[in-house]
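Here's the structure we're looking at; comments come further down.
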Amino acid sequence: MREKVLIVDDIELNRGILAVALGDKYEVIQAADGEQAIDILKSESEGITAMLLDLIMPNVDGYAVLDYMREHGLLDRIPVIVISAESARDVEVKCLEMGVTDFVRKPFDIVTVRRRVKNTVDLFMYKNHLEDKVRLQTRELEEKNKLFQAQAEQIRETNEKIVDVLGTVVEYRNLESGEHIKRVKEFTNILAEKAAEKYPEYGLTPEKIAVIVAASPLHDIGKIAIKDSVLLKPGRLTDEEFEYMKTHTTKGCEILTQIAGTWSEEYEKISYEICRHHHERYDGKGYPDGLAGEDIPISAQLVSIADVYDALVSDRVYKKAIEKGKAYQMILDGECGTFSPRLIECFKESRQEFEELVCRYEMKKENQI
């Protein structure tokens with residue numbers, strides 16, 4: 001099927017000359033004025049490859065046709081070559097500004113018109129082909145992106161389910177209610193968001209915070225491997241027992257290593273950091289590796305403060321819960337070890353949120369009794 005060219009001119013002789021010049025290569029449609037041209041555009045615009053347009057015509061002129069095409073988005077798809085006796089430079093500029101592709105002055109040369117029509121049609125066909133291809137590729141990419149997003153969400157949910165299941169096992173093993181996991185996650189989130197706000201150099205993006213919070217329940221996974229006689233001892237541990245208890249950090253890492261590959265690399269990395277290093281201290285006096293300062297992963301630093309605070313304000317087999325204000329002061333005074341000065345500042349600014357969270361859980365517990 002040949003491409004269609006619409007010739008719009010009120011002079012029949014001009015239309016005839018152009019029709020003969022182009023008829024061997026294109027299917028030619030003619031319009032005697034702008035009104036007829038607009039009617040044709042309304043019914044057959046999809047099939048028109050190019051338009052040759054006169055400007056000065058009775059009733060509806062060429063400018064009105066251009067206005068109609070611009071309003072309906074046709075100039076992006078149908079190239080217009082104006083063929084006019086207008087010689088003023090400003091007329092050509094105005095047409096080009098309206099979206100015209102080319103401007104040929106009357107009297108026109110047939111060879112020139114044929115060449116310009118061919119060049120214009122070829123260019124627009126190529127352009128439209130590329131645009132169609134881009135649209136198709138864009139749709140395909142959008143569909144693939146939706147699929148990737150769905151897969152990423154499924155992976156995220158799987159990661160979190162693995163973490164929650166493992167964390168719950170620890171809570172049952174430790175004879176705790178399971179609230180400890182939830183509170184540590186919430187404390188960690190509060191602290192991490194404050195640290196992200198105050199110290200952007202930590203690189204705590206919302207995505208990274210989400211992974212740290214989701215992985216925080218695994219900080220004590222190694223307690224699964226600790227003997228009941230030590231883990232559940234109601235009194236103070238001996239030095240030997242305490243050294244044995246400290247191995248829950250490395251034992252936890254051994255457990256996580258055994259399930260490597262079942263969840264995403266980022267979850268594995270951050271879970272391992274938290275599990276191994278949540279008892280490290282900023283002054284290097286923690287365990288198991290004696291890391292100091294910013295050598296301690298930020299994920300472990302955040303969970304460390306959250307875990308210590310929750311341990312202080314909660315009942316444990318070896319102690320009763322400590323009052324919120326006293327627990328807060330104990331951390332500031334370094335009674336639970338030395339923490340990052342930056343994170344301590346974040347902890348200070350988050351005091352109200354921490355204490356409100358404890359109150360909510362206390363009220364929840366009372367309502368369940």
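Quick note on naming: the chains in the structure tokens go A, B, ... in the order shown, residues restart at 1 in each chain, and ligands are numbered from 1 in order of appearance.
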
*Using only C-alpha atoms, which residues sit within 8 Å of stretch 185-193 of chain A once same-chain residues fewer than 3 positions away are excluded, as a list in words?*
Ile181, Lys182, Ala196, Glu197, Leu204, Ile209, Ala210, Ile212, Val213, Ala214, Ser216, Pro217, Leu302, Val303, Ile305, Ala306, Leu343, Cys346, Phe347, Ser350, Glu353 and Phe354 of chain A

*Per-residue DSSP, stretch 55-265 of chain A, filtered to strand (DSSP E), as a list of chain:residue names*: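 Residues of stretch 55-265 of chain A classed as strand (DSSP E): A:Val80, A:Ile81, A:Val82, A:Ile83, A:Ser84, A:Asp102, A:Phe103, A:Val104, A:Arg105.
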
Residue subset to file, keeping C-alpha atoms, as a tab-separated table (two decimals), in the first residue's frame:
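Written file, again_22.tsv:
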chain	number	residue	atom	x	y	z
A	80	VAL	CA	3.45	19.65	6.70
A	81	ILE	CA	5.19	21.33	3.77
A	82	VAL	CA	3.79	24.80	3.17
A	83	ILE	CA	3.68	25.84	-0.51
A	84	SER	CA	2.85	29.53	-0.64
A	102	ASP	CA	9.36	22.75	5.40
A	103	PHE	CA	8.46	25.88	3.39
A	104	VAL	CA	8.42	26.06	-0.44
A	105	ARG	CA	7.66	29.31	-2.24

*Residue set, stretch 104-335 of chain A restricted to helix (DSSP H, G or I), as an MDAnalysis selection string*: chainID A and resid 110:173 179:198 200:202 206:225 228:231 239:245 248:258 265:277 293:295 298:313 324:332

*Skip stretch 117-119 of chain A itself and residues of its chain fewer than 3 positions away, then list as a list in words all residues within 10 Å of it, counting only C-alpha atoms.*
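Selected residues are Val5, Leu22, Lys25, Tyr26, Thr49, Ala50, Met51, Leu52, Pro79, Val80, Ile81, Asp102, Val111, Thr112, Val113, Arg114, Asp122, Leu123, Phe124 and Met125 of chain A.
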
Quick one: residues within 12 Å of stretch 68-73 of chain A, only C-alpha atoms counted, chain neighbours fewer than 4 positions away excluded, as an mmCIF file with N, CA, C and O atoms, in the first residue's frame?
data_model
loop_
_atom_site.group_PDB
_atom_site.id
_atom_site.type_symbol
_atom_site.label_atom_id
_atom_site.label_comp_id
_atom_site.auth_asym_id
_atom_site.auth_seq_id
_atom_site.Cartn_x
_atom_site.Cartn_y
_atom_site.Cartn_z
ATOM 1 N N GLY A 34 -9.264 24.890 3.397
ATOM 2 C CA GLY A 34 -8.947 24.408 4.737
ATOM 3 C C GLY A 34 -10.061 23.604 5.365
ATOM 4 O O GLY A 34 -9.809 22.637 6.113
ATOM 5 N N GLU A 35 -11.294 23.948 5.071
ATOM 6 C CA GLU A 35 -12.424 23.224 5.656
ATOM 7 C C GLU A 35 -12.430 21.775 5.191
ATOM 8 O O GLU A 35 -12.613 20.850 5.986
ATOM 9 N N ALA A 37 -9.876 20.156 4.096
ATOM 10 C CA ALA A 37 -8.682 19.513 4.650
ATOM 11 C C ALA A 37 -8.937 19.008 6.073
ATOM 12 O O ALA A 37 -8.567 17.876 6.418
ATOM 13 N N ILE A 38 -9.607 19.836 6.876
ATOM 14 C CA ILE A 38 -9.897 19.433 8.259
ATOM 15 C C ILE A 38 -10.849 18.248 8.286
ATOM 16 O O ILE A 38 -10.694 17.319 9.096
ATOM 17 N N ASP A 39 -11.838 18.251 7.389
ATOM 18 C CA ASP A 39 -12.768 17.110 7.319
ATOM 19 C C ASP A 39 -12.017 15.823 6.985
ATOM 20 O O ASP A 39 -12.296 14.756 7.539
ATOM 21 N N ILE A 40 -11.075 15.923 6.040
ATOM 22 C CA ILE A 40 -10.289 14.739 5.662
ATOM 23 C C ILE A 40 -9.426 14.281 6.845
ATOM 24 O O ILE A 40 -9.310 13.084 7.122
ATOM 25 N N LEU A 41 -8.846 15.239 7.543
ATOM 26 C CA LEU A 41 -8.016 14.898 8.716
ATOM 27 C C LEU A 41 -8.843 14.195 9.782
ATOM 28 O O LEU A 41 -8.369 13.276 10.461
ATOM 29 N N LYS A 42 -10.083 14.617 9.928
ATOM 30 C CA LYS A 42 -10.943 14.001 10.933
ATOM 31 C C LYS A 42 -11.229 12.539 10.628
ATOM 32 O O LYS A 42 -11.332 11.704 11.522
ATOM 33 N N SER A 45 -6.857 10.768 9.174
ATOM 34 C CA SER A 45 -5.540 11.260 9.596
ATOM 35 C C SER A 45 -4.548 10.126 9.830
ATOM 36 O O SER A 45 -3.341 10.285 9.616
ATOM 37 N N GLU A 46 -5.037 8.953 10.242
ATOM 38 C CA GLU A 46 -4.137 7.834 10.530
ATOM 39 C C GLU A 46 -3.372 7.377 9.292
ATOM 40 O O GLU A 46 -2.252 6.890 9.387
ATOM 41 N N MET A 51 1.497 16.300 4.213
ATOM 42 C CA MET A 51 0.528 17.273 3.690
ATOM 43 C C MET A 51 1.282 18.421 3.012
ATOM 44 O O MET A 51 2.291 18.899 3.539
ATOM 45 N N VAL A 60 -11.681 28.846 5.095
ATOM 46 C CA VAL A 60 -10.737 28.407 6.129
ATOM 47 C C VAL A 60 -9.350 28.351 5.522
ATOM 48 O O VAL A 60 -9.107 27.580 4.586
ATOM 49 N N ASP A 61 -8.414 29.184 6.035
ATOM 50 C CA ASP A 61 -7.085 29.252 5.425
ATOM 51 C C ASP A 61 -6.127 28.209 6.023
ATOM 52 O O ASP A 61 -6.483 27.408 6.893
ATOM 53 N N GLY A 62 -4.878 28.255 5.524
ATOM 54 C CA GLY A 62 -3.896 27.273 5.965
ATOM 55 C C GLY A 62 -3.516 27.407 7.434
ATOM 56 O O GLY A 62 -3.211 26.410 8.098
ATOM 57 N N TYR A 63 -3.542 28.630 7.969
ATOM 58 C CA TYR A 63 -3.214 28.820 9.384
ATOM 59 C C TYR A 63 -4.223 28.105 10.291
ATOM 60 O O TYR A 63 -3.866 27.532 11.318
ATOM 61 N N ALA A 64 -5.485 28.143 9.890
ATOM 62 C CA ALA A 64 -6.522 27.463 10.668
ATOM 63 C C ALA A 64 -6.303 25.949 10.661
ATOM 64 O O ALA A 64 -6.546 25.260 11.660
ATOM 65 N N ARG A 77 2.959 13.855 13.994
ATOM 66 C CA ARG A 77 2.912 12.609 13.218
ATOM 67 C C ARG A 77 2.815 12.847 11.715
ATOM 68 O O ARG A 77 3.298 12.040 10.919
ATOM 69 N N ILE A 78 2.190 13.965 11.324
ATOM 70 C CA ILE A 78 2.023 14.258 9.893
ATOM 71 C C ILE A 78 2.860 15.489 9.553
ATOM 72 O O ILE A 78 2.560 16.598 9.998
ATOM 73 N N PRO A 79 3.900 15.330 8.756
ATOM 74 C CA PRO A 79 4.719 16.487 8.379
ATOM 75 C C PRO A 79 3.965 17.382 7.389
ATOM 76 O O PRO A 79 3.265 16.892 6.508
ATOM 77 N N VAL A 80 4.127 18.685 7.566
ATOM 78 C CA VAL A 80 3.450 19.651 6.695
ATOM 79 C C VAL A 80 4.492 20.464 5.942
ATOM 80 O O VAL A 80 5.397 21.056 6.548
ATOM 81 N N CYS A 95 5.311 30.037 10.352
ATOM 82 C CA CYS A 95 4.897 28.666 10.013
ATOM 83 C C CYS A 95 5.789 27.637 10.705
ATOM 84 O O CYS A 95 5.303 26.633 11.240
ATOM 85 N N GLU A 97 7.469 28.041 13.418
ATOM 86 C CA GLU A 97 7.164 28.068 14.845
ATOM 87 C C GLU A 97 5.875 27.321 15.166
ATOM 88 O O GLU A 97 5.715 26.761 16.250
ATOM 89 N N MET A 98 4.950 27.280 14.217
ATOM 90 C CA MET A 98 3.695 26.548 14.422
ATOM 91 C C MET A 98 3.868 25.045 14.261
ATOM 92 O O MET A 98 2.974 24.274 14.598
ATOM 93 N N GLY A 99 5.025 24.618 13.731
ATOM 94 C CA GLY A 99 5.277 23.181 13.616
ATOM 95 C C GLY A 99 5.408 22.675 12.205
ATOM 96 O O GLY A 99 5.490 21.458 11.977
ATOM 97 N N VAL A 100 5.449 23.592 11.241
ATOM 98 C CA VAL A 100 5.616 23.185 9.846
ATOM 99 C C VAL A 100 7.012 22.595 9.657
ATOM 100 O O VAL A 100 7.995 23.074 10.217
#

For stretch 235-337 of chain A versus stretch 150-156 of chain A, which residues have an atom no more than 10 Å away, and what is each residue's nearest atom pair and distance in Å rounded to one decimal, using only C-alpha atoms, chain-then-number order, as a tab-separated table?
residue	atom	partner	partner_atom	distance
A:Thr262	CA	A:Ile155	CA	9.9
A:Trp263	CA	A:Ile155	CA	7.4
A:Ser264	CA	A:Ile155	CA	7.4
A:Tyr267	CA	A:Arg156	CA	9.1

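By chain and then residue number, the residues within 8 Å of stretch 322-336 of chain A are A:Val308, A:Tyr309, A:Leu312, A:Val313, A:Ser314, A:Ile344, A:Arg351, A:Glu355, counting only C-alpha atoms and disregarding those fewer than 4 positions away in sequence.
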
Any chance you can output those residues with N, CA, C and O atoms as a PDB file, in the first residue's frame?
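Output (selection.pdb):
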ATOM      1  N   VAL A 308      20.177  -3.053  74.559  1.00  0.00           N
ATOM      2  CA  VAL A 308      20.538  -2.750  75.952  1.00  0.00           C
ATOM      3  C   VAL A 308      19.403  -2.032  76.662  1.00  0.00           C
ATOM      4  O   VAL A 308      19.036  -2.371  77.791  1.00  0.00           O
ATOM      5  N   TYR A 309      18.820  -1.046  75.992  1.00  0.00           N
ATOM      6  CA  TYR A 309      17.729  -0.304  76.622  1.00  0.00           C
ATOM      7  C   TYR A 309      16.550  -1.216  76.930  1.00  0.00           C
ATOM      8  O   TYR A 309      15.987  -1.179  78.027  1.00  0.00           O
ATOM      9  N   LEU A 312      17.173  -3.427  79.870  1.00  0.00           N
ATOM     10  CA  LEU A 312      17.093  -2.722  81.148  1.00  0.00           C
ATOM     11  C   LEU A 312      15.653  -2.523  81.605  1.00  0.00           C
ATOM     12  O   LEU A 312      15.338  -2.702  82.792  1.00  0.00           O
ATOM     13  N   VAL A 313      14.769  -2.168  80.688  1.00  0.00           N
ATOM     14  CA  VAL A 313      13.390  -1.832  81.089  1.00  0.00           C
ATOM     15  C   VAL A 313      12.461  -3.044  81.091  1.00  0.00           C
ATOM     16  O   VAL A 313      11.255  -2.894  81.307  1.00  0.00           O
ATOM     17  N   SER A 314      13.004  -4.240  80.856  1.00  0.00           N
ATOM     18  CA  SER A 314      12.186  -5.458  80.794  1.00  0.00           C
ATOM     19  C   SER A 314      12.523  -6.411  81.936  1.00  0.00           C
ATOM     20  O   SER A 314      13.654  -6.424  82.444  1.00  0.00           O
ATOM     21  N   ILE A 344      24.578   8.369  70.860  1.00  0.00           N
ATOM     22  CA  ILE A 344      24.079   8.784  72.175  1.00  0.00           C
ATOM     23  C   ILE A 344      23.277  10.080  72.038  1.00  0.00           C
ATOM     24  O   ILE A 344      22.238  10.251  72.693  1.00  0.00           O
ATOM     25  N   ARG A 351      14.509  10.141  73.432  1.00  0.00           N
ATOM     26  CA  ARG A 351      14.095   9.626  74.751  1.00  0.00           C
ATOM     27  C   ARG A 351      12.579   9.518  74.869  1.00  0.00           C
ATOM     28  O   ARG A 351      12.050   8.484  75.312  1.00  0.00           O
ATOM     29  N   GLU A 355      10.446   6.073  75.567  1.00  0.00           N
ATOM     30  CA  GLU A 355       9.647   5.870  76.785  1.00  0.00           C
ATOM     31  C   GLU A 355       8.167   5.704  76.458  1.00  0.00           C
ATOM     32  O   GLU A 355       7.460   4.925  77.120  1.00  0.00           O
TER      33      GLU A 355
END

Skip A:Ile255 itself and residues of its chain fewer than 3 positions away, then list as an mmCIF file with N, CA, C and O atoms, in the first residue's frame all residues within 12 Å of it, counting only C-alpha atoms.
data_model
loop_
_atom_site.group_PDB
_atom_site.id
_atom_site.type_symbol
_atom_site.label_atom_id
_atom_site.label_comp_id
_atom_site.auth_asym_id
_atom_site.auth_seq_id
_atom_site.Cartn_x
_atom_site.Cartn_y
_atom_site.Cartn_z
ATOM 1 N N LEU A 166 13.207 -17.179 62.907
ATOM 2 C CA LEU A 166 14.416 -17.422 63.689
ATOM 3 C C LEU A 166 14.398 -16.627 64.994
ATOM 4 O O LEU A 166 14.788 -17.123 66.050
ATOM 5 N N LEU A 218 17.634 -10.966 64.857
ATOM 6 C CA LEU A 218 18.631 -12.039 64.826
ATOM 7 C C LEU A 218 19.842 -11.748 65.698
ATOM 8 O O LEU A 218 20.789 -12.542 65.714
ATOM 9 N N HIS A 219 19.807 -10.660 66.463
ATOM 10 C CA HIS A 219 20.992 -10.328 67.248
ATOM 11 C C HIS A 219 21.341 -11.428 68.258
ATOM 12 O O HIS A 219 22.505 -11.665 68.562
ATOM 13 N N ASP A 220 20.347 -12.127 68.748
ATOM 14 C CA ASP A 220 20.601 -13.167 69.763
ATOM 15 C C ASP A 220 20.343 -14.581 69.247
ATOM 16 O O ASP A 220 20.120 -15.498 70.049
ATOM 17 N N ILE A 221 20.374 -14.778 67.932
ATOM 18 C CA ILE A 221 20.077 -16.102 67.385
ATOM 19 C C ILE A 221 21.012 -17.170 67.950
ATOM 20 O O ILE A 221 20.640 -18.335 68.115
ATOM 21 N N GLY A 222 22.237 -16.774 68.309
ATOM 22 C CA GLY A 222 23.198 -17.744 68.840
ATOM 23 C C GLY A 222 22.819 -18.319 70.188
ATOM 24 O O GLY A 222 23.369 -19.361 70.614
ATOM 25 N N LYS A 223 21.868 -17.695 70.879
ATOM 26 C CA LYS A 223 21.440 -18.213 72.185
ATOM 27 C C LYS A 223 20.742 -19.565 72.060
ATOM 28 O O LYS A 223 20.575 -20.266 73.053
ATOM 29 N N ILE A 224 20.354 -19.916 70.849
ATOM 30 C CA ILE A 224 19.785 -21.246 70.623
ATOM 31 C C ILE A 224 20.789 -22.317 71.045
ATOM 32 O O ILE A 224 20.414 -23.399 71.522
ATOM 33 N N ALA A 225 22.067 -22.018 70.862
ATOM 34 C CA ALA A 225 23.115 -23.007 71.124
ATOM 35 C C ALA A 225 23.676 -22.939 72.547
ATOM 36 O O ALA A 225 24.592 -23.697 72.882
ATOM 37 N N HIS A 248 27.567 -16.695 72.233
ATOM 38 C CA HIS A 248 26.331 -16.693 71.437
ATOM 39 C C HIS A 248 26.488 -15.817 70.196
ATOM 40 O O HIS A 248 25.788 -16.010 69.196
ATOM 41 N N THR A 249 27.421 -14.856 70.219
ATOM 42 C CA THR A 249 27.627 -14.005 69.043
ATOM 43 C C THR A 249 28.219 -14.802 67.889
ATOM 44 O O THR A 249 27.740 -14.728 66.748
ATOM 45 N N THR A 250 29.265 -15.559 68.192
ATOM 46 C CA THR A 250 29.913 -16.342 67.125
ATOM 47 C C THR A 250 29.104 -17.572 66.753
ATOM 48 O O THR A 250 29.064 -17.968 65.582
ATOM 49 N N LYS A 251 28.436 -18.165 67.741
ATOM 50 C CA LYS A 251 27.583 -19.317 67.439
ATOM 51 C C LYS A 251 26.429 -18.891 66.528
ATOM 52 O O LYS A 251 26.015 -19.636 65.632
ATOM 53 N N GLY A 252 25.928 -17.695 66.768
ATOM 54 C CA GLY A 252 24.858 -17.180 65.908
ATOM 55 C C GLY A 252 25.322 -17.016 64.482
ATOM 56 O O GLY A 252 24.590 -17.340 63.533
ATOM 57 N N GLN A 258 25.177 -21.220 57.911
ATOM 58 C CA GLN A 258 24.606 -22.485 57.436
ATOM 59 C C GLN A 258 23.380 -22.274 56.550
ATOM 60 O O GLN A 258 23.051 -23.125 55.724
ATOM 61 N N ILE A 259 22.700 -21.147 56.732
ATOM 62 C CA ILE A 259 21.503 -20.892 55.914
ATOM 63 C C ILE A 259 21.784 -19.855 54.836
ATOM 64 O O ILE A 259 20.860 -19.315 54.227
ATOM 65 N N ALA A 260 23.054 -19.550 54.599
ATOM 66 C CA ALA A 260 23.414 -18.585 53.556
ATOM 67 C C ALA A 260 22.877 -19.056 52.204
ATOM 68 O O ALA A 260 22.875 -20.243 51.901
ATOM 69 N N GLU A 268 21.724 -11.055 54.416
ATOM 70 C CA GLU A 268 22.747 -11.912 55.009
ATOM 71 C C GLU A 268 23.848 -11.070 55.647
ATOM 72 O O GLU A 268 24.265 -11.321 56.785
ATOM 73 N N SER A 271 22.492 -9.021 58.717
ATOM 74 C CA SER A 271 22.160 -9.949 59.804
ATOM 75 C C SER A 271 23.427 -10.456 60.485
ATOM 76 O O SER A 271 23.503 -10.543 61.718
ATOM 77 N N TYR A 272 24.425 -10.776 59.676
ATOM 78 C CA TYR A 272 25.710 -11.261 60.210
ATOM 79 C C TYR A 272 26.367 -10.172 61.052
ATOM 80 O O TYR A 272 26.874 -10.438 62.153
ATOM 81 N N CYS A 275 24.416 -9.806 64.369
ATOM 82 C CA CYS A 275 24.589 -10.984 65.216
ATOM 83 C C CYS A 275 25.982 -11.003 65.863
ATOM 84 O O CYS A 275 26.122 -11.244 67.062
ATOM 85 N N ARG A 276 26.991 -10.728 65.078
ATOM 86 C CA ARG A 276 28.365 -10.849 65.584
ATOM 87 C C ARG A 276 28.787 -9.653 66.440
ATOM 88 O O ARG A 276 29.511 -9.799 67.425
#

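Every protein, DNA or RNA residue with an atom at most 8 Å from stretch 85-90 of chain A, where only C-alpha atoms count and chain neighbours fewer than 4 positions away do not, is listed here: Lys94, Arg105, Lys106 and Pro107 of chain A.
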
Using the selection just defined, write its residues with all heavy atoms as a CSV table (one decimal), in the first residue's frame.
chain,number,residue,atom,x,y,z
A,94,LYS,N,6.9,32.2,11.1
A,94,LYS,CA,5.7,31.9,11.9
A,94,LYS,C,5.2,30.5,11.6
A,94,LYS,O,4.9,29.7,12.5
A,94,LYS,CB,4.6,32.9,11.4
A,94,LYS,CG,3.2,32.6,12.1
A,94,LYS,CD,2.2,33.6,11.7
A,94,LYS,CE,0.8,33.2,12.3
A,94,LYS,NZ,-0.2,34.2,11.9
A,105,ARG,N,8.3,28.1,-1.7
A,105,ARG,CA,7.7,29.3,-2.2
A,105,ARG,C,7.2,29.1,-3.7
A,105,ARG,O,7.8,28.3,-4.4
A,105,ARG,CB,8.6,30.5,-2.2
A,105,ARG,CG,8.8,31.1,-0.8
A,105,ARG,CD,9.7,32.3,-0.8
A,105,ARG,NE,9.7,32.9,0.5
A,105,ARG,CZ,10.5,32.5,1.5
A,105,ARG,NH1,11.3,31.5,1.3
A,105,ARG,NH2,10.5,33.1,2.6
A,106,LYS,N,6.0,29.6,-4.0
A,106,LYS,CA,5.5,29.6,-5.4
A,106,LYS,C,6.2,30.7,-6.1
A,106,LYS,O,6.5,31.8,-5.6
A,106,LYS,CB,4.0,29.8,-5.4
A,106,LYS,CG,3.2,28.7,-4.7
A,106,LYS,CD,1.7,29.0,-4.8
A,106,LYS,CE,0.9,27.9,-4.1
A,106,LYS,NZ,-0.5,28.2,-4.1
A,107,PRO,N,6.4,30.6,-7.4
A,107,PRO,CA,6.2,29.3,-8.2
A,107,PRO,C,7.2,28.3,-7.8
A,107,PRO,O,8.4,28.6,-7.6
A,107,PRO,CB,6.3,29.8,-9.6
A,107,PRO,CG,7.3,30.9,-9.6
A,107,PRO,CD,7.0,31.6,-8.3
